[in-house]
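Presented below is the structure to which this report refers.
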Amino acid sequence: MEALIHIAAAAVDPADAKKANAAIGAGFAYGLAAIGPGIGIGYVVGKAIEAMARQPEAAGMVRTTMFLGIAFTEALALIGFVVFILLGL
Amino acid sequence: MSNESVSPMMTRLEGDAPEILVSLDILKRGILVTPIIVAVCSVFAGMDGAISAVYAIAIVLINFLCAAGLMAVTARISLGLMMGAALFGYLLRLGLIFLAVFIVRDTSWISLGALGGTIIITHLGLLVWELKYISISLAYPGLKPSARKSPTNQR
């Protein structure tokens, strides 16, 4: 088994290995970058729904604020995505 | 004071959807600003940069429209569904953006730097610009009324 690992390691070109590591790192970075905005959007939407259920007459205001909040939070995920495409795609 | 509880699962919102108005306004401003962004990208990355910038702007604008459309449709059904649509819509839209970039990543005309930079700058820039025209009030929950349409200006 150990010999097979050595053979596999020897067969891998260092440039390819570097590229593969960059792709794996970028994938992790994108995943981590998407978690934060996901939590943030959940919090924003949850509070907005609560506010709309309490005060339906203010629903229009809350919806606009929620939409903008979601869009701004999503920008964080897009930044993570752009780092991902520049590093590893 | 009433003890009657309001269930978000049963409550639904009728009337105009302010997020649709906002996203259509963002679309309008995005189309206005496209030539400037394309010109800047073409200076830095040539023709590839210009085409990539157009593609990135299209991704951002479609993303805004999808987000608003999803929320507007589900709000008419129930608030709980709107919450689900907002959360799963986020995942869905990220997946669609990934797919849109993945499809074109190996094409000859793509410039990933211009594409990525344009996505971030257009998304944030349009949002910040739009804030100037948002009126979050009971009378006008979406966009500010233009000076011409305002009832106080009518004679």
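Convention: chains lettered A, B, ... in structure tokens order; per-chain residue numbering from 1; ligands numbered from 1 as shown.
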Fewer than 2 positions away in the same chain doesn't count, so skip those; otherwise give me all residues within 10 Å of stretch 54-70 of chain A, counting only C-alpha atoms, as a PyMOL selection string. (chain A and resi 37-38+40-52+72-75) or (chain B and resi 5-8+11-23+64+67-68+71-72+75+86-87+90+127-128+130-131+134-143)
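The shell of residues at most 6 Å from stretch 98-111 of chain B, with only C-alpha atoms counted and near chain neighbours (fewer than 4 positions) removed, consists of Asp48, Gly49 and Ser52 of chain B.
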Take the residues just selected and output them with all heavy atoms as a compact mmCIF listing (two decimals), in the first residue's frame.
# COMPACT_ATOMS: atom_id res chain seq x y z
N ASP B 48 -11.89 40.98 -25.43
CA ASP B 48 -12.32 39.92 -24.51
C ASP B 48 -12.91 40.53 -23.25
O ASP B 48 -13.92 40.06 -22.72
CB ASP B 48 -11.13 39.03 -24.12
CG ASP B 48 -10.62 38.23 -25.29
OD1 ASP B 48 -11.27 38.27 -26.36
OD2 ASP B 48 -9.57 37.58 -25.15
N GLY B 49 -12.25 41.58 -22.76
CA GLY B 49 -12.74 42.24 -21.55
C GLY B 49 -14.11 42.87 -21.76
O GLY B 49 -14.97 42.80 -20.88
N SER B 52 -16.68 40.09 -21.89
CA SER B 52 -16.84 39.53 -20.54
C SER B 52 -17.63 40.48 -19.65
O SER B 52 -18.43 40.04 -18.82
CB SER B 52 -15.47 39.26 -19.91
OG SER B 52 -14.74 38.38 -20.71
When you draw a straight line from atom CA of B:Pro35 to atom CA of B:Ile57, how long is it in Å?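 So the answer is 10.6 Å.
Restricting the calculation to only C-alpha atoms, the smallest distance between chain A and any of B:Met83, B:Met9, B:Leu96, B:Ile26 is found for B:Met83.
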Can you tell me which residues surround A:Ile85 at a distance of at most 8 Å, considering only C-alpha atoms, apart from same-chain residues fewer than 3 positions away, and format the answer as a compact mmCIF listing (two decimals) with all heavy atoms, in the first residue's frame?
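Once written, out04.txt looks like this:
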# COMPACT_ATOMS: atom_id res chain seq x y z
N ALA A 26 -9.47 26.91 -3.48
CA ALA A 26 -10.47 27.87 -3.97
C ALA A 26 -11.88 27.36 -3.70
O ALA A 26 -12.77 28.13 -3.31
CB ALA A 26 -10.27 28.11 -5.46
N PHE A 81 -17.08 34.18 -4.66
CA PHE A 81 -17.19 33.49 -5.94
C PHE A 81 -16.13 34.00 -6.93
O PHE A 81 -15.52 33.23 -7.66
CB PHE A 81 -18.60 33.69 -6.51
CG PHE A 81 -18.78 33.11 -7.87
CD1 PHE A 81 -18.75 31.75 -8.07
CD2 PHE A 81 -18.95 33.94 -8.97
CE1 PHE A 81 -18.90 31.21 -9.33
CE2 PHE A 81 -19.11 33.41 -10.22
CZ PHE A 81 -19.09 32.05 -10.41
N VAL A 82 -15.93 35.31 -6.90
CA VAL A 82 -14.95 35.90 -7.83
C VAL A 82 -13.54 35.44 -7.47
O VAL A 82 -12.74 35.11 -8.36
CB VAL A 82 -15.09 37.44 -7.84
CG1 VAL A 82 -13.91 38.08 -8.53
CG2 VAL A 82 -16.37 37.84 -8.53
N GLY A 88 -9.22 29.27 -8.93
CA GLY A 88 -9.28 27.83 -9.15
C GLY A 88 -10.13 27.31 -10.27
O GLY A 88 -10.11 26.12 -10.54
N LEU A 89 -10.94 28.14 -10.90
CA LEU A 89 -11.85 27.59 -11.91
C LEU A 89 -11.11 27.16 -13.16
O LEU A 89 -10.30 27.86 -13.66
CB LEU A 89 -12.94 28.61 -12.25
CG LEU A 89 -14.12 28.07 -13.02
CD1 LEU A 89 -14.91 27.11 -12.15
CD2 LEU A 89 -15.02 29.19 -13.46
N LEU B 112 -11.40 36.28 -17.29
CA LEU B 112 -11.97 36.03 -15.97
C LEU B 112 -11.79 37.21 -15.03
O LEU B 112 -12.63 37.49 -14.18
CB LEU B 112 -11.35 34.76 -15.37
CG LEU B 112 -11.82 33.45 -16.00
CD1 LEU B 112 -11.07 32.26 -15.39
CD2 LEU B 112 -13.31 33.24 -15.86
N GLY B 116 -14.98 38.84 -13.28
CA GLY B 116 -15.12 38.88 -11.81
C GLY B 116 -15.21 40.31 -11.29
O GLY B 116 -16.09 40.63 -10.48
Between atom CA of A:Ile39 and atom CA of A:Ile24, what is the spacing in Å?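 According to the coordinates, atom CA of A:Ile24 and atom CA of A:Ile39 are separated by 23.3 Å.
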Give me the residues near A:Gly27 as a PyMOL selection string, where near means some atom within 10 Å (using only C-alpha atoms) and where sequence neighbours in that chain fewer than 2 positions away do not count. chain A and resi 21-25+29-33+80-81+83-85+87-89
Restricting the output to C-alpha atoms, write the selected residues as a PDB file, in the first residue's frame.
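Here's the written file part.pdb:
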ATOM      1  CA  ASN A  21      -4.194  22.235  -4.566  1.00  0.00           C
ATOM      2  CA  ALA A  22      -5.164  25.723  -5.759  1.00  0.00           C
ATOM      3  CA  ALA A  23      -8.473  24.379  -7.064  1.00  0.00           C
ATOM      4  CA  ILE A  24      -9.184  22.565  -3.788  1.00  0.00           C
ATOM      5  CA  GLY A  25      -8.300  25.681  -1.780  1.00  0.00           C
ATOM      6  CA  ALA A  29     -12.795  29.338   0.126  1.00  0.00           C
ATOM      7  CA  TYR A  30     -15.971  29.614  -1.953  1.00  0.00           C
ATOM      8  CA  GLY A  31     -17.813  27.242   0.349  1.00  0.00           C
ATOM      9  CA  LEU A  32     -16.735  29.167   3.431  1.00  0.00           C
ATOM     10  CA  ALA A  33     -17.546  32.472   1.757  1.00  0.00           C
ATOM     11  CA  GLY A  80     -16.021  34.795  -2.576  1.00  0.00           C
ATOM     12  CA  PHE A  81     -17.190  33.488  -5.942  1.00  0.00           C
ATOM     13  CA  VAL A  83     -11.943  34.856  -5.752  1.00  0.00           C
ATOM     14  CA  PHE A  84     -12.874  31.264  -6.578  1.00  0.00           C
ATOM     15  CA  ILE A  85     -13.039  31.853 -10.323  1.00  0.00           C
ATOM     16  CA  LEU A  87      -7.885  31.193  -8.323  1.00  0.00           C
ATOM     17  CA  GLY A  88      -9.279  27.827  -9.146  1.00  0.00           C
ATOM     18  CA  LEU A  89     -11.853  27.589 -11.908  1.00  0.00           C
TER      19      LEU A  89
END
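Atom CA of B:Ser146 is positioned 9.2 Å from atom CA of B:Tyr133.
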